[in-house]
>>> print(open('my_file_32.pdb').read())   # PDB, C-alpha atoms and all ligand atoms
ATOM      1  CA  MET A  70      -9.661   2.460   4.367  1.00  0.00           C
ATOM      2  CA  VAL A  71      -9.539   5.039   7.156  1.00  0.00           C
ATOM      3  CA  CYS A  72      -7.052   7.805   7.957  1.00  0.00           C
ATOM      4  CA  LEU A  73      -7.320  11.238   9.571  1.00  0.00           C
ATOM      5  CA  GLY A  74      -8.129  13.621   6.717  1.00  0.00           C
ATOM      6  CA  ASN A  75      -9.180  11.194   3.933  1.00  0.00           C
ATOM      7  CA  ILE A  76      -7.002  13.121   1.478  1.00  0.00           C
ATOM      8  CA  CYS A  77      -3.533  11.478   1.667  1.00  0.00           C
ATOM      9  CA  ARG A  78      -3.282   7.871   2.876  1.00  0.00           C
ATOM     10  CA  SER A  79      -6.777   6.361   2.730  1.00  0.00           C
ATOM     11  CA  PRO A  80      -7.759   7.518  -0.797  1.00  0.00           C
ATOM     12  CA  LEU A  81      -4.424   6.152  -2.030  1.00  0.00           C
ATOM     13  CA  ALA A  82      -5.117   2.852  -0.239  1.00  0.00           C
ATOM     14  CA  GLU A  83      -8.614   2.827  -1.765  1.00  0.00           C
ATOM     15  CA  GLY A  84      -7.245   3.336  -5.281  1.00  0.00           C
ATOM     16  CA  ILE A  85      -4.529   0.711  -4.872  1.00  0.00           C
ATOM     17  CA  LEU A  86      -6.863  -1.961  -3.482  1.00  0.00           C
ATOM     18  CA  LYS A  87      -9.524  -1.234  -6.131  1.00  0.00           C
ATOM     19  CA  SER A  88      -6.870  -1.773  -8.806  1.00  0.00           C
ATOM     20  CA  LYS A  89      -6.220  -5.282  -7.451  1.00  0.00           C
ATOM     21  CA  LEU A  90      -9.823  -6.498  -6.980  1.00  0.00           C
ATOM     22  CA  PRO A  91     -12.706  -7.086  -9.432  1.00  0.00           C
ATOM     23  CA  ASN A  92     -15.074  -4.151  -8.925  1.00  0.00           C
ATOM     24  CA  ASP A  93     -18.226  -6.174  -9.558  1.00  0.00           C
ATOM     25  CA  SER A  94     -17.778  -8.221  -6.396  1.00  0.00           C
ATOM     26  CA  PHE A  95     -15.877  -5.952  -3.992  1.00  0.00           C
ATOM     27  CA  PHE A  96     -16.832  -2.486  -2.761  1.00  0.00           C
ATOM     28  CA  VAL A  97     -13.818  -0.486  -1.579  1.00  0.00           C
ATOM     29  CA  ASP A  98     -14.164   2.996  -0.067  1.00  0.00           C
ATOM     30  CA  SER A  99     -12.296   5.355   2.251  1.00  0.00           C
ATOM     31  CA  ALA A 100     -13.070   7.890   4.956  1.00  0.00           C
ATOM     32  CA  GLY A 101     -11.373  10.160   7.487  1.00  0.00           C
ATOM     33  CA  THR A 102     -11.894  10.281  11.232  1.00  0.00           C
ATOM     34  CA  ALA A 103     -11.861  14.104  10.968  1.00  0.00           C
ATOM     35  CA  ASN A 104     -14.186  16.328   8.958  1.00  0.00           C
ATOM     36  CA  TYR A 105     -11.528  18.869   7.799  1.00  0.00           C
ATOM     37  CA  HIS A 106     -11.582  17.788   4.157  1.00  0.00           C
ATOM     38  CA  VAL A 107     -15.138  16.591   3.559  1.00  0.00           C
ATOM     39  CA  GLY A 108     -15.978  17.009  -0.133  1.00  0.00           C
ATOM     40  CA  ASN A 109     -12.375  17.752  -1.110  1.00  0.00           C
ATOM     41  CA  PRO A 110     -10.334  15.798  -3.682  1.00  0.00           C
ATOM     42  CA  PRO A 111      -7.228  13.910  -2.521  1.00  0.00           C
ATOM     43  CA  ASP A 112      -3.998  15.840  -1.852  1.00  0.00           C
ATOM     44  CA  LYS A 113      -2.153  16.635  -5.116  1.00  0.00           C
ATOM     45  CA  ARG A 114       0.810  14.553  -3.954  1.00  0.00           C
ATOM     46  CA  SER A 115      -1.390  11.457  -3.445  1.00  0.00           C
ATOM     47  CA  ILE A 116      -2.990  11.989  -6.858  1.00  0.00           C
ATOM     48  CA  ALA A 117       0.501  12.266  -8.399  1.00  0.00           C
ATOM     49  CA  ILE A 118       1.966   9.156  -6.776  1.00  0.00           C
ATOM     50  CA  ALA A 119      -1.118   7.133  -7.742  1.00  0.00           C
ATOM     51  CA  LYS A 120      -0.873   8.397 -11.322  1.00  0.00           C
ATOM     52  CA  LYS A 121       2.800   7.384 -11.444  1.00  0.00           C
ATOM     53  CA  TYR A 122       1.566   3.804 -10.923  1.00  0.00           C
ATOM     54  CA  GLN A 123      -1.380   4.112 -13.395  1.00  0.00           C
ATOM     55  CA  ILE A 124      -4.044   4.569 -10.713  1.00  0.00           C
ATOM     56  CA  ASP A 125      -6.545   7.430 -10.958  1.00  0.00           C
ATOM     57  CA  ILE A 126      -7.816   8.785  -7.636  1.00  0.00           C
ATOM     58  CA  ALA A 127      -8.402  12.410  -8.737  1.00  0.00           C
ATOM     59  CA  HIS A 128     -12.208  12.023  -8.727  1.00  0.00           C
ATOM     60  CA  LEU A 129     -12.476  10.843  -5.097  1.00  0.00           C
ATOM     61  CA  LYS A 130     -14.081  13.111  -2.499  1.00  0.00           C
ATOM     62  CA  GLY A 131     -13.311  13.248   1.213  1.00  0.00           C
ATOM     63  CA  ARG A 132     -15.893  12.057   3.701  1.00  0.00           C
ATOM     64  CA  GLN A 133     -15.954  11.435   7.429  1.00  0.00           C
ATOM     65  CA  PHE A 134     -16.140   7.951   8.930  1.00  0.00           C
ATOM     66  CA  GLU A 135     -19.555   7.274  10.439  1.00  0.00           C
ATOM     67  CA  VAL A 136     -21.116   4.597  12.623  1.00  0.00           C
ATOM     68  CA  SER A 137     -23.138   3.180   9.696  1.00  0.00           C
ATOM     69  CA  ASP A 138     -19.821   2.226   8.066  1.00  0.00           C
ATOM     70  CA  PHE A 139     -19.698  -0.660  10.542  1.00  0.00           C
ATOM     71  CA  ASP A 140     -22.829  -2.004   8.827  1.00  0.00           C
ATOM     72  CA  ARG A 141     -21.721  -1.267   5.269  1.00  0.00           C
ATOM     73  CA  PHE A 142     -18.265  -2.873   5.427  1.00  0.00           C
ATOM     74  CA  ASP A 143     -16.862  -6.252   6.456  1.00  0.00           C
ATOM     75  CA  PHE A 144     -13.290  -5.014   6.923  1.00  0.00           C
ATOM     76  CA  ILE A 145     -12.178  -1.607   8.204  1.00  0.00           C
ATOM     77  CA  TYR A 146      -8.479  -0.884   7.760  1.00  0.00           C
ATOM     78  CA  VAL A 147      -6.952   2.020   9.678  1.00  0.00           C
ATOM     79  CA  MET A 148      -3.625   3.661   8.873  1.00  0.00           C
ATOM     80  CA  ASP A 149      -2.384   4.451  12.388  1.00  0.00           C
ATOM     81  CA  GLU A 150      -3.005   4.129  16.105  1.00  0.00           C
ATOM     82  CA  SER A 151      -4.836   7.439  16.388  1.00  0.00           C
ATOM     83  CA  ASN A 152      -7.251   6.376  13.614  1.00  0.00           C
ATOM     84  CA  TYR A 153      -7.665   3.031  15.392  1.00  0.00           C
ATOM     85  CA  ASN A 154      -8.585   4.620  18.709  1.00  0.00           C
ATOM     86  CA  LYS A 155     -11.087   7.004  17.111  1.00  0.00           C
ATOM     87  CA  VAL A 156     -12.816   4.263  15.090  1.00  0.00           C
ATOM     88  CA  ILE A 157     -12.917   1.857  18.048  1.00  0.00           C
ATOM     89  CA  LYS A 158     -14.569   4.569  20.162  1.00  0.00           C
ATOM     90  CA  LEU A 159     -17.460   4.601  17.676  1.00  0.00           C
ATOM     91  CA  ALA A 160     -17.894   0.803  17.743  1.00  0.00           C
ATOM     92  CA  ARG A 161     -21.231  -0.296  19.209  1.00  0.00           C
ATOM     93  CA  ASN A 162     -20.341  -3.895  20.017  1.00  0.00           C
ATOM     94  CA  THR A 163     -17.681  -6.576  19.624  1.00  0.00           C
ATOM     95  CA  ASN A 164     -18.887  -7.334  16.091  1.00  0.00           C
ATOM     96  CA  ASP A 165     -18.007  -3.759  15.081  1.00  0.00           C
ATOM     97  CA  THR A 166     -14.684  -3.872  16.923  1.00  0.00           C
ATOM     98  CA  ALA A 167     -13.683  -7.140  15.233  1.00  0.00           C
ATOM     99  CA  LYS A 168     -13.895  -5.490  11.797  1.00  0.00           C
ATOM    100  CA  VAL A 169     -11.170  -2.961  12.589  1.00  0.00           C
ATOM    101  CA  ASN A 170      -7.504  -3.674  11.951  1.00  0.00           C
ATOM    102  CA  PHE A 171      -4.280  -1.831  11.178  1.00  0.00           C
ATOM    103  CA  ILE A 172      -3.667  -2.143   7.433  1.00  0.00           C
ATOM    104  CA  MET A 173       0.034  -2.922   7.956  1.00  0.00           C
ATOM    105  CA  ASN A 174      -0.952  -5.977  10.019  1.00  0.00           C
ATOM    106  CA  GLU A 175      -1.603  -7.563   6.613  1.00  0.00           C
ATOM    107  CA  VAL A 176       2.189  -7.472   6.137  1.00  0.00           C
ATOM    108  CA  TYR A 177       3.498  -7.517   9.718  1.00  0.00           C
ATOM    109  CA  LYS A 178       0.917  -9.534  11.646  1.00  0.00           C
ATOM    110  CA  ASP A 179      -0.121  -8.146  15.039  1.00  0.00           C
ATOM    111  CA  LYS A 180       2.629  -5.487  15.058  1.00  0.00           C
ATOM    112  CA  ASN A 181       0.186  -2.561  14.785  1.00  0.00           C
ATOM    113  CA  TYR A 182       2.641  -0.509  12.719  1.00  0.00           C
ATOM    114  CA  ASP A 183       1.512   2.929  11.513  1.00  0.00           C
ATOM    115  CA  VAL A 184       1.413   4.140   7.924  1.00  0.00           C
ATOM    116  CA  PRO A 185       3.074   7.503   8.694  1.00  0.00           C
ATOM    117  CA  ASP A 186       1.069  10.656   8.051  1.00  0.00           C
ATOM    118  CA  PRO A 187       2.788  12.234   5.009  1.00  0.00           C
ATOM    119  CA  TYR A 188       0.795  15.501   5.078  1.00  0.00           C
ATOM    120  CA  TYR A 189       3.488  17.782   6.492  1.00  0.00           C
ATOM    121  CA  GLY A 190       6.451  16.038   4.836  1.00  0.00           C
ATOM    122  CA  GLY A 191       8.032  15.980   1.379  1.00  0.00           C
ATOM    123  CA  ASP A 192       7.252  13.992  -1.746  1.00  0.00           C
ATOM    124  CA  ASP A 193       9.421  11.064  -0.607  1.00  0.00           C
ATOM    125  CA  GLY A 194       6.876  10.431   2.146  1.00  0.00           C
ATOM    126  CA  PHE A 195       4.298   9.718  -0.538  1.00  0.00           C
ATOM    127  CA  GLU A 196       6.571   7.253  -2.359  1.00  0.00           C
ATOM    128  CA  ASN A 197       7.100   5.543   0.993  1.00  0.00           C
ATOM    129  CA  ILE A 198       3.400   5.255   1.827  1.00  0.00           C
ATOM    130  CA  TYR A 199       2.655   4.076  -1.724  1.00  0.00           C
ATOM    131  CA  ASN A 200       5.129   1.205  -1.268  1.00  0.00           C
ATOM    132  CA  MET A 201       3.742   0.295   2.159  1.00  0.00           C
ATOM    133  CA  LEU A 202       0.120   0.388   0.992  1.00  0.00           C
ATOM    134  CA  ASN A 203       0.887  -1.487  -2.207  1.00  0.00           C
ATOM    135  CA  GLU A 204       2.427  -4.349  -0.243  1.00  0.00           C
ATOM    136  CA  ALA A 205      -0.487  -4.452   2.208  1.00  0.00           C
ATOM    137  CA  CYS A 206      -3.112  -4.291  -0.575  1.00  0.00           C
ATOM    138  CA  GLU A 207      -1.349  -7.030  -2.520  1.00  0.00           C
ATOM    139  CA  ASN A 208      -1.706  -9.303   0.531  1.00  0.00           C
ATOM    140  CA  ILE A 209      -5.334  -8.264   1.092  1.00  0.00           C
ATOM    141  CA  SER A 210      -6.260  -9.012  -2.515  1.00  0.00           C
ATOM    142  CA  LYS A 211      -4.529 -12.404  -2.427  1.00  0.00           C
ATOM    143  CA  LYS A 212      -6.426 -13.271   0.725  1.00  0.00           C
ATOM    144  CA  PHE A 213      -9.792 -12.370  -0.803  1.00  0.00           C
ATOM    145  CA  ILE A 214      -9.395 -13.632  -4.346  1.00  0.00           C
ATOM    146  CA  GLN A 215      -7.690 -16.998  -3.827  1.00  0.00           C
TER
HETATM  147  P1  LIG B 301      -4.351  11.826   5.826  1.00  0.00           P
HETATM  148  O1  LIG B 301      -3.352  13.074   5.985  1.00  0.00           O
HETATM  149  O2  LIG B 301      -4.910  11.538   7.203  1.00  0.00           O
HETATM  150  O3  LIG B 301      -3.445  10.741   5.335  1.00  0.00           O
HETATM  151  O4  LIG B 301      -5.399  12.248   4.829  1.00  0.00           O
HETATM  152  C1  LIG B 301      -3.758  14.281   6.575  1.00  0.00           C
HETATM  153  C2  LIG B 301      -4.457  15.189   5.835  1.00  0.00           C
HETATM  154  C3  LIG B 301      -4.823  16.387   6.394  1.00  0.00           C
HETATM  155  C4  LIG B 301      -4.471  16.682   7.686  1.00  0.00           C
HETATM  156  C5  LIG B 301      -3.769  15.761   8.436  1.00  0.00           C
HETATM  157  C6  LIG B 301      -3.414  14.561   7.878  1.00  0.00           C
HETATM  158  N1  LIG B 301      -4.837  17.916   8.258  1.00  0.00           N
HETATM  159  O5  LIG B 301      -4.442  18.186   9.399  1.00  0.00           O
HETATM  160  O6  LIG B 301      -5.535  18.726   7.596  1.00  0.00           O
END
>>> encode(input="my_file_32.pdb", output="structure tokens", more="lines below")
Ligand code: 4NP
Amino acid sequence: MVCLGNICRSPLAEGILKSKLPNDSFFVDSAGTANYHVGNPPDKRSIAIAKKYQIDIAHLKGRQFEVSDFDRFDFIYVMDESNYNKVIKLARNTNDTAKVNFIMNEVYKDKNYDVPDPYYGGDDGFENIYNMLNEACENISKKFIQ
């Protein structure tokens, strides 16, 4: 799960998807394309919205996306077009590129819709991204488990 800062959208997506998959057979992680928040916990508003739905993300720590992530992961979900462009720039070959997709394409195939950056907005932005990510992660988990 990749966003810009790895403190709002992607740690929430990580927590939601982890809650829907068995953790002994799936490894879910998140990262940011930027290094602004490396080592920091998620934004308080992301922690709060996750907690509202019984998901604990308070212990997560921000990290920056790196080229080796193409080797460590089979699927790389980005939140928006800017994230997509930055991750694709780091791809070394078509195998890397093929792993990258917009997370909302799991709900609206091939539409490349963004999960809006909630950082500068109000709390309702976090409820909105929770609902979007929950729907996408539900579809991802169904695809992998069944
Ligand atoms: P995120 O949100 O990419 O969903 O983690 C942001 C967090 C921090 C900043 C921007 C977006 N920032 O500019 O510090």
>>> resolve_selection(input="my_file_32.pdb", expression="the PyMOL selection byres (((chain A and resi 117) around 12) and not hetatm)", output="ChimeraX atom specification")
/A:77,81,111-116,118-127,192-193,195-196,199
>>> write_last_selection(input="my_file_32.pdb", atoms="C-alpha atoms", output="CSV table (one decimal), in the coordinates of the input")
chain,number,residue,atom,x,y,z
A,77,CYS,CA,-3.5,11.5,1.7
A,81,LEU,CA,-4.4,6.2,-2.0
A,111,PRO,CA,-7.2,13.9,-2.5
A,112,ASP,CA,-4.0,15.8,-1.9
A,113,LYS,CA,-2.2,16.6,-5.1
A,114,ARG,CA,0.8,14.6,-4.0
A,115,SER,CA,-1.4,11.5,-3.4
A,116,ILE,CA,-3.0,12.0,-6.9
A,118,ILE,CA,2.0,9.2,-6.8
A,119,ALA,CA,-1.1,7.1,-7.7
A,120,LYS,CA,-0.9,8.4,-11.3
A,121,LYS,CA,2.8,7.4,-11.4
A,122,TYR,CA,1.6,3.8,-10.9
A,123,GLN,CA,-1.4,4.1,-13.4
A,124,ILE,CA,-4.0,4.6,-10.7
A,125,ASP,CA,-6.5,7.4,-11.0
A,126,ILE,CA,-7.8,8.8,-7.6
A,127,ALA,CA,-8.4,12.4,-8.7
A,192,ASP,CA,7.3,14.0,-1.7
A,193,ASP,CA,9.4,11.1,-0.6
A,195,PHE,CA,4.3,9.7,-0.5
A,196,GLU,CA,6.6,7.3,-2.4
A,199,TYR,CA,2.7,4.1,-1.7
>>> residues_near_ligand(input="my_file_32.pdb", ligand="ligand LIG 301 (chain B)", cutoff="10 Å", atoms="all atoms listed in the file", output="PyMOL selection string")
chain A and resi 71-82+100-106+111-112+115+131+148-149+152+184-189+195+198
>>> write_last_selection(input="my_file_32.pdb", atoms="C-alpha atoms", output="compact mmCIF listing (two decimals), keeping the file's coordinate frame")
# COMPACT_ATOMS: atom_id res chain seq x y z
CA VAL A 71 -9.54 5.04 7.16
CA CYS A 72 -7.05 7.80 7.96
CA LEU A 73 -7.32 11.24 9.57
CA GLY A 74 -8.13 13.62 6.72
CA ASN A 75 -9.18 11.19 3.93
CA ILE A 76 -7.00 13.12 1.48
CA CYS A 77 -3.53 11.48 1.67
CA ARG A 78 -3.28 7.87 2.88
CA SER A 79 -6.78 6.36 2.73
CA PRO A 80 -7.76 7.52 -0.80
CA LEU A 81 -4.42 6.15 -2.03
CA ALA A 82 -5.12 2.85 -0.24
CA ALA A 100 -13.07 7.89 4.96
CA GLY A 101 -11.37 10.16 7.49
CA THR A 102 -11.89 10.28 11.23
CA ALA A 103 -11.86 14.10 10.97
CA ASN A 104 -14.19 16.33 8.96
CA TYR A 105 -11.53 18.87 7.80
CA HIS A 106 -11.58 17.79 4.16
CA PRO A 111 -7.23 13.91 -2.52
CA ASP A 112 -4.00 15.84 -1.85
CA SER A 115 -1.39 11.46 -3.44
CA GLY A 131 -13.31 13.25 1.21
CA MET A 148 -3.62 3.66 8.87
CA ASP A 149 -2.38 4.45 12.39
CA ASN A 152 -7.25 6.38 13.61
CA VAL A 184 1.41 4.14 7.92
CA PRO A 185 3.07 7.50 8.69
CA ASP A 186 1.07 10.66 8.05
CA PRO A 187 2.79 12.23 5.01
CA TYR A 188 0.80 15.50 5.08
CA TYR A 189 3.49 17.78 6.49
CA PHE A 195 4.30 9.72 -0.54
CA ILE A 198 3.40 5.26 1.83
>>> closest_residue(input="my_file_32.pdb", among="A:Lys89, A:Phe95, A:Phe171, A:Ala205", to="A:Ile145", atoms="all atoms listed in the file")
A:Phe171
>>> closest_residue(input="my_file_32.pdb", among="A:Gly191, A:His128, A:Met201, A:Phe213", to="A:Asp143", atoms="all atoms listed in the file")
A:Phe213
>>> resolve_selection(input="my_file_32.pdb", expression="the PyMOL selection byres (((chain A and resi 157) around 12) and not hetatm)", output="ChimeraX atom specification")
/A:71,102,134-136,139,145-147,150-156,158-171
>>> residues_around(input="my_file_32.pdb", residues="A:Glu207", least_positions_apart="3", cutoff="10 Å", atoms="all atoms listed in the file", output="list in words")
Ile85, Leu86, Ser88, Lys89, Leu90, Glu175, Val176, Leu202, Asn203, Glu204, Ser210, Lys211 and Lys212 of chain A
>>> atom_distance(input="my_file_32.pdb", atom1="atom CA of A:Glu83", atom2="atom CA of A:Lys178")
20.6 Å
>>> closest_residue(input="my_file_32.pdb", among="A:Ile172, A:Ile214, A:Val107, A:Val97", to="A:Gln133", atoms="all atoms listed in the file")
A:Val107
>>> atom_distance(input="my_file_32.pdb", atom1="atom CA of A:Ser99", atom2="atom CA of A:Ile209")
15.3 Å
>>> atom_distance(input="my_file_32.pdb", atom1="atom CA of A:Asp140", atom2="atom CA of A:Asn109")
24.5 Å
>>> axis_aligned_box(input="my_file_32.pdb", around="stretch 183-193 of chain A", padding_each_side="5 Å", output="AutoDock Vina command-line options")
--center_x 5.1 --center_y 10.4 --center_z 4.9 --size_x 18.6 --size_y 24.9 --size_z 23.3
